[in-house]
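Remarks on the structure that follows.
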Amino acid sequence: MSDILETAIEAPLPLSLLAAQPADALLGLIALHRADTRPGKIDVGVGVFRDDAGRTPVMRAVKAAEALLFETQHSKSYLGAEGDTGYTELLGRTVFGALASSERITGVQTPGGTGALRLGAELLARANSEAVVWIGTPTWPNHGPIFAEAGLATRTHRFFDPASASIDFDAMMTDLGEARPGDILLLHGCCHNPTGAGLTAAQWASIAALCDARGLLPFIDLAYQGLGDGLEEDAATTRMIFDRLPTAILAYSCDKNFGLYRERVGALWVQAASAPITERARANMLSLARSIWSMPPDHGAAVVRVILENSALRAEWEAELDAMRSRINALRAALGAAHPALAPIAGQRGMFAMLPITPEAVVDLRESHGIYMAGNGRINIAGLTRETVPAFVAALAPHL
């Protein structure tokens, strides 16, 4: 008996076989900024909206909706794997407009946009495990791992040219010429993260035509509706893709445009070629959701639903969103006017931009000036204020 126990104790535990993982760069950046005691430090690394005072506020419409929920919500019982269906229906109208009533489109609530992406990835892997996901470079760092963890192969295509600070559309289309029928094309619906660069309407139409001709499935990540040019304007390309193609997928996040970062509120919509196939897709979405998170958290979705079903609260939310967008675009204009190398930033949209600087310059800016950003030069525009732009550009200028 003692021999058996001794053997068991000496045997390696399965957890000891796990590979070491690199530290999260963003978390490390947060810790470094927090420890920096210099009064003029600037954080343009963390991707959250900030107001002129440097705060990430709870929106007034959100506070009012939470007060209504406090008074009227009498249960915290389960809602089901699909989540708050009223939330999904009302949000769908904001995203899709008249297309929202189509029997070929179905949606479910998810824990944030990341949950929507992962649920969509699992659905696609279940439908066709041989499909390849095409992802533009650069992109949000979590895109590749989400699809890879679902068992799908990924390939990159050229998208943004740092030298010209613009989209290399010809290179993108050339690379996508290698995509096979059934492959998936990941697209940023608006406010590209990390570059802020946007496709023109004509380029979007060319992408739709390419997907149609080659049998590619567009998977749109719409995480910033309302923070680019407006709610309707930022949804226009999504609506065009869903209108022109028989099959499409959309992952949505309410984290940024409702300021619900820690509530993790999102949704996944799927459009299929016919209503019966859509119903089959929905059944698989719910089956997968049940096994991944069982049921999504409710509070954030309930807040969004209350805002969207109350005309006064919706008007308040839209006014706040307009102010957020105006602040971001004003900062873009200020940066673009401050230095010729930053001029392209003024015409881009959303919270993020890529600076034309080296990783060594990023380190120097952090160590010499207390300016914190991602190692690839991605900055969160909303981390600046009108007052900090001059100091930011002055520190940046020698590296441009």
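Going through the structure tokens in order, the chains are called A, B, and so on, while each chain numbers its residues from 1 and the ligands are numbered from 1 in the order shown.
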
Excluding range 92-104 of chain A and its own-chain neighbours fewer than 3 positions away, which residues fall within 6 Å of it when counting only C-alpha atoms? Please give them as a list in words.
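What passes the distance filter is Thr88, Glu89, Ala235, Arg239, Gln271, Ala272, Ser274, Ala275 and Thr278 of chain A.
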
Using DSSP on the backbone, list every residue of range 218-318 of chain A that comes out as strand (DSSP E or B), and give them as a ChimeraX atom specification.
/A:218-222,248-253,265-271

Correct to one decimal, the distance CA of Cys254 in chain A-CA of Arg50 in chain A is 16.0 Å

Contacts of range 313-321 of chain A within 9 Å, only C-alpha atoms, excl. fewer than 5 positions in-chain, as a list of chain:residue names
A:Met59, A:Arg60, A:Ala61, A:Val62, A:Ala64, A:Ala65, A:Gly226, A:Leu227, A:Gly230, A:Leu231, A:Asn257, A:Phe258, A:Val306, A:Ile307, A:Leu308, A:Ser326
